[in-house]
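Peer 1: Mind having a look at this structure? Questions to follow.
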Amino acid sequence: MLSAHALVKRYGGTAALDGFSLDVAPGEIAGLIGHNGAGKSTFVEAVTGLTRPDSGRITVGGLDVLRSPRRVRRLIGLAPQEIALYPAATAREQLRLFGALAGLSGAVLSKRITALGAELLLTEVLDRPAGLLSGGQRRRVQAATALIGDPPLLLLDEPTAGADPETRTALLDAVRARAAKGTAVLYTTHYLPELADLDATLAVAGAGRIIARGSRAELTRRLPGELRLRLSGGNPLPERFLARATEHGGETRISTADAPADLAALLAAGCTPSTVDIRRPDLDDLYRSLADHSPATAPEIPRAA
Ligand SMILES: Nc1ncnc2c1ncn2[C@@H]1O[C@H](COP(=O)(O)OP(=O)(O)OP(=O)(O)O)[C@@H](O)[C@H]1O
């Protein structure tokens, strides 16, 4: 549904996009993560036509973004990182406007607004001016403006920033429901547990390009996990494990790519821990492993196809 190839965008000496390529399929929720300044928002702006890349190509539903900007715009529901609502207009009026832009009108649009208001827990505030809403409420109205026309591609840039747990859940449910019906979703966040909740695939951005792409399992599989042991004083760790071990309040932690094999080797060497815990790598570990942003030094994990 979304296909971007080799995008480059420079601002003076800064390459905000530097060979950025990414595909998102219908029904897929792709979680776009990466450090501040990695190029995520610039990419979202390029897809919507708000920013013109210096080179590269983007298509949405097979249409070239630069050649058919108006037709492409109709295929996209955008919730930008910076809130863009009219402060004096009520939430319902904003949704009427965005619904009309998407070609909806009359009773169909009114019903859609009521349903979306209920789905995103906005019913009570639909007739309040956006300027008088809380930050979290404004963000949900913003998300609702993206969803109102039921577009085949959603671009949601940190849509849950400032959301409380209840409204976060409502928003994630709404996103999952759209994907289940075939909508392609590009979901930018710094809050990694959301991506597990959404069962999202991952696209890790670094220094203006995608440096890792795949399922959560694929990307975390080859990262080291940890073997956590409690050892008694007369039961030292065999020497060959020392380089990978750290001490944390009486617990010995050994970085490991193969926890069962390392545990078997420890036991065979006569080590008898009183407790053993195996910690598998998670998204935080993935994020940390990519901390230097550098494609050249990123660990050997699957890349974008
Ligand atoms: N309009 C602009 N003018 C100059 N530099 C820009 C502009 N927009 C983005 N940049 C620069 O391009 C780089 C990428 O910025 P971008 O906003 O795309 O990052 P991001 O990954 O979305 O970051 P964040 O997680 O903070 O939202 C940054 O170095 C930023 O300073």
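Ligands are numbered from 1 in the order shown, chains are lettered A, B, ... in the order of the structure tokens, and residues start at 1 in each chain.
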Using only C-alpha atoms, what does the table of segment 96-122 of chain A residues within 12 Å of segment 162-167 of chain A look like, with each row giving the shortest atom pair and its distance in Å to one decimal, sorted by chain and ascending number, as CSV?
Peer 2:
```
residue,atom,partner,partner_atom,distance
A:Gly117,CA,A:Thr167,CA,11.8
A:Ala118,CA,A:Thr167,CA,11.2
A:Glu119,CA,A:Thr167,CA,9.7
A:Leu120,CA,A:Thr167,CA,6.9
A:Leu121,CA,A:Thr167,CA,6.8
A:Leu122,CA,A:Thr167,CA,9.3
```
Peer 1: Looking only at the backbone, which of the residues in segment 16-239 of chain A does DSSP tag as strand (DSSP E), as a ChimeraX atom specification?
Peer 2: /A:16-24,29-33,55-60,63-64,76-79,153-157,184-188,201-206,209-214,225-230
Peer 1: Neighbours of segment 245-250 of chain A within 12 Å (only C-alpha atoms; same-chain residues fewer than 3 positions away dropped), as a VMD selection string?
Peer 2: chain A and resid 226 to 233 236 to 242 253 to 256 273 to 275
Peer 1: If we count only C-alpha atoms, what is near segment 101-116 of chain A at a cut-off of 7 Å, once residues fewer than 4 positions away on the same chain are taken out, given as number ranges by chain?
Peer 2: A: 74, 95, 97, 120, 144, 149
Peer 1: Residues up to 8 Å from ligand 1, counting only C-alpha atoms and all ligand atoms: could you list those as a PyMOL selection string?
Peer 2: chain A and resi 10-12+14-17+33-43+81+190+205-208
Peer 1: Quick one: write out the picked residues with C-alpha atoms as a JSON list (two decimals), in the first residue's frame?
Peer 2:
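Resulting contents of again03.json:
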```json
[["chain", "number", "residue", "atom", "x", "y", "z"],
["A", 10, "ARG", "CA", 18.73, 17.46, 2.92],
["A", 11, "TYR", "CA", 18.33, 20.55, 5.07],
["A", 12, "GLY", "CA", 21.61, 22.40, 4.58],
["A", 14, "THR", "CA", 21.76, 17.70, 7.56],
["A", 15, "ALA", "CA", 20.46, 14.66, 5.70],
["A", 16, "ALA", "CA", 17.04, 14.17, 7.34],
["A", 17, "LEU", "CA", 16.46, 11.28, 4.91],
["A", 33, "ILE", "CA", 10.84, 3.60, 15.83],
["A", 34, "GLY", "CA", 14.19, 5.33, 16.21],
["A", 35, "HIS", "CA", 15.97, 8.05, 18.10],
["A", 36, "ASN", "CA", 15.06, 11.73, 18.01],
["A", 37, "GLY", "CA", 16.19, 13.12, 14.70],
["A", 38, "ALA", "CA", 16.34, 9.74, 12.93],
["A", 39, "GLY", "CA", 14.07, 11.02, 10.13],
["A", 40, "LYS", "CA", 10.68, 9.52, 11.11],
["A", 41, "SER", "CA", 8.61, 12.71, 10.91],
["A", 42, "THR", "CA", 10.39, 13.86, 7.76],
["A", 43, "PHE", "CA", 9.43, 10.54, 6.18],
["A", 81, "GLN", "CA", 3.12, 14.81, 15.63],
["A", 190, "HIS", "CA", 8.81, 6.05, 21.38],
["A", 205, "ALA", "CA", 15.08, 4.28, 11.61],
["A", 206, "GLY", "CA", 18.60, 5.58, 12.19],
["A", 207, "ALA", "CA", 20.46, 8.47, 10.58],
["A", 208, "GLY", "CA", 17.87, 8.99, 7.84]]
```
Peer 1: What lies within 10 Å of Leu195 of chain A using only C-alpha atoms, ignoring chain neighbours under 2 positions off, as a list in words?
Peer 2: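 The residues that qualify are Ile29, Ala30, Gly31, Leu32, Ile33, Leu172, Tyr187, Thr188, Thr189, His190, Tyr191, Leu192, Pro193, Asp197, Leu198, Asp199, Ala200, Thr201, Leu202, Arg216 and Leu283 of chain A.
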Peer 1: Write the residues you've just listed into a file as a tab-separated table (two decimals), in the first residue's frame, and include C-alpha atoms for each of them.
Peer 2:
```
chain	number	residue	atom	x	y	z
A	29	ILE	CA	0.76	-2.19	11.29
A	30	ALA	CA	4.38	-1.12	10.86
A	31	GLY	CA	5.90	0.40	13.99
A	32	LEU	CA	8.38	3.10	13.01
A	33	ILE	CA	10.84	3.60	15.83
A	172	LEU	CA	-4.82	1.00	20.13
A	187	TYR	CA	2.68	3.94	13.54
A	188	THR	CA	5.46	6.08	14.99
A	189	THR	CA	6.12	5.84	18.70
A	190	HIS	CA	8.81	6.05	21.38
A	191	TYR	CA	6.70	3.84	23.65
A	192	LEU	CA	7.81	0.35	22.66
A	193	PRO	CA	5.29	-1.79	24.60
A	197	ASP	CA	0.06	-4.62	21.94
A	198	LEU	CA	-0.53	-3.79	18.28
A	199	ASP	CA	1.31	-6.90	17.08
A	200	ALA	CA	3.17	-4.51	14.81
A	201	THR	CA	6.08	-5.30	12.54
A	202	LEU	CA	9.09	-3.07	13.17
A	216	ARG	CA	9.61	-8.38	16.59
A	283	LEU	CA	12.32	-4.46	22.21
```
Peer 1: Leaving out Leu7 of chain A and any residue of its chain fewer than 4 positions from it, which residues lie within 9 Å of it when counting only C-alpha atoms, given as a PyMOL selection string?
Peer 2: chain A and resi 17-21+43+46+53-58+208-209
Peer 1: Using N, CA and C atoms, can you export the residues from the last selection as a PDB file, in the first residue's frame?
Peer 2:
```pdb
ATOM      1  N   LEU A  17      16.668  12.596   5.517  1.00  0.00           N
ATOM      2  CA  LEU A  17      16.462  11.278   4.910  1.00  0.00           C
ATOM      3  C   LEU A  17      17.695  10.996   4.059  1.00  0.00           C
ATOM      4  N   ASP A  18      18.232   9.776   4.201  1.00  0.00           N
ATOM      5  CA  ASP A  18      19.497   9.481   3.532  1.00  0.00           C
ATOM      6  C   ASP A  18      19.452   8.047   2.976  1.00  0.00           C
ATOM      7  N   GLY A  19      18.553   7.854   1.998  1.00  0.00           N
ATOM      8  CA  GLY A  19      18.376   6.505   1.452  1.00  0.00           C
ATOM      9  C   GLY A  19      17.291   5.736   2.181  1.00  0.00           C
ATOM     10  N   PHE A  20      16.230   6.428   2.536  1.00  0.00           N
ATOM     11  CA  PHE A  20      15.152   5.846   3.355  1.00  0.00           C
ATOM     12  C   PHE A  20      14.213   5.028   2.455  1.00  0.00           C
ATOM     13  N   SER A  21      14.123   3.725   2.697  1.00  0.00           N
ATOM     14  CA  SER A  21      13.228   2.852   1.923  1.00  0.00           C
ATOM     15  C   SER A  21      12.350   2.069   2.880  1.00  0.00           C
ATOM     16  N   PHE A  43       9.968  11.564   7.079  1.00  0.00           N
ATOM     17  CA  PHE A  43       9.432  10.537   6.182  1.00  0.00           C
ATOM     18  C   PHE A  43       7.908  10.659   6.080  1.00  0.00           C
ATOM     19  N   ALA A  46       7.034  13.453   3.924  1.00  0.00           N
ATOM     20  CA  ALA A  46       7.287  13.173   2.503  1.00  0.00           C
ATOM     21  C   ALA A  46       6.150  12.328   1.914  1.00  0.00           C
ATOM     22  N   PRO A  53      10.954  15.294  -1.294  1.00  0.00           N
ATOM     23  CA  PRO A  53      12.314  14.747  -1.200  1.00  0.00           C
ATOM     24  C   PRO A  53      13.181  15.240  -2.346  1.00  0.00           C
ATOM     25  N   ASP A  54      14.503  15.307  -2.113  1.00  0.00           N
ATOM     26  CA  ASP A  54      15.433  15.699  -3.181  1.00  0.00           C
ATOM     27  C   ASP A  54      15.508  14.606  -4.233  1.00  0.00           C
ATOM     28  N   SER A  55      15.403  13.351  -3.792  1.00  0.00           N
ATOM     29  CA  SER A  55      15.381  12.242  -4.747  1.00  0.00           C
ATOM     30  C   SER A  55      14.709  11.049  -4.085  1.00  0.00           C
ATOM     31  N   GLY A  56      14.456  10.012  -4.904  1.00  0.00           N
ATOM     32  CA  GLY A  56      13.745   8.833  -4.406  1.00  0.00           C
ATOM     33  C   GLY A  56      12.301   8.856  -4.870  1.00  0.00           C
ATOM     34  N   ARG A  57      11.572   7.773  -4.555  1.00  0.00           N
ATOM     35  CA  ARG A  57      10.213   7.642  -5.073  1.00  0.00           C
ATOM     36  C   ARG A  57       9.292   7.084  -3.988  1.00  0.00           C
ATOM     37  N   ILE A  58       8.078   7.660  -3.912  1.00  0.00           N
ATOM     38  CA  ILE A  58       7.076   7.143  -2.975  1.00  0.00           C
ATOM     39  C   ILE A  58       5.798   6.886  -3.753  1.00  0.00           C
ATOM     40  N   GLY A 208      18.516   8.709   9.122  1.00  0.00           N
ATOM     41  CA  GLY A 208      17.871   8.986   7.839  1.00  0.00           C
ATOM     42  C   GLY A 208      17.547   7.789   6.964  1.00  0.00           C
ATOM     43  N   ARG A 209      17.656   6.591   7.551  1.00  0.00           N
ATOM     44  CA  ARG A 209      17.283   5.417   6.756  1.00  0.00           C
ATOM     45  C   ARG A 209      16.773   4.298   7.662  1.00  0.00           C
TER      46      ARG A 209
END
```
Peer 1: Of the candidates A:Leu171, A:Val185, A:Ala243, A:Ile83, which one gets nearest to Leu2 of chain A if we count only C-alpha atoms?
Peer 2: A:Val185
Peer 1: Between A:Val47, A:Leu290, A:Ala143, A:Leu85, which has the minimum distance to Ala161 of chain A (counting only C-alpha atoms)?
Peer 2: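 For Ala161 of chain A, the nearest of the given residues is A:Ala143.
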Peer 1: Run DSSP on the backbone of this structure and report the residues of segment 142-225 of chain A it assigns to helix (DSSP H, G or I), as a VMD selection string.
Peer 2: chain A and resid 142 to 147 165 to 180 193 to 197 216 to 221
Peer 1: Give me, please, the distance in Å between atom CA of Ala79 of chain A and atom CA of Pro159 of chain A, quoted to one decimal.
Peer 2: 6.8 Å
Peer 1: Suppose you want the space between atom CA of Arg221 of chain A and atom CA of Glu251 of chain A; what is it in Å?
Peer 2: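 Between atom CA of Arg221 of chain A and atom CA of Glu251 of chain A the gap is 24.3 Å.
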Peer 1: Give the answer as one residue: which of A:Leu263, A:Ala217, A:Ala88, A:Val24 has the shortest atom-to-atom distance to Arg280 of chain A, using only C-alpha atoms?
Peer 2: A:Ala217
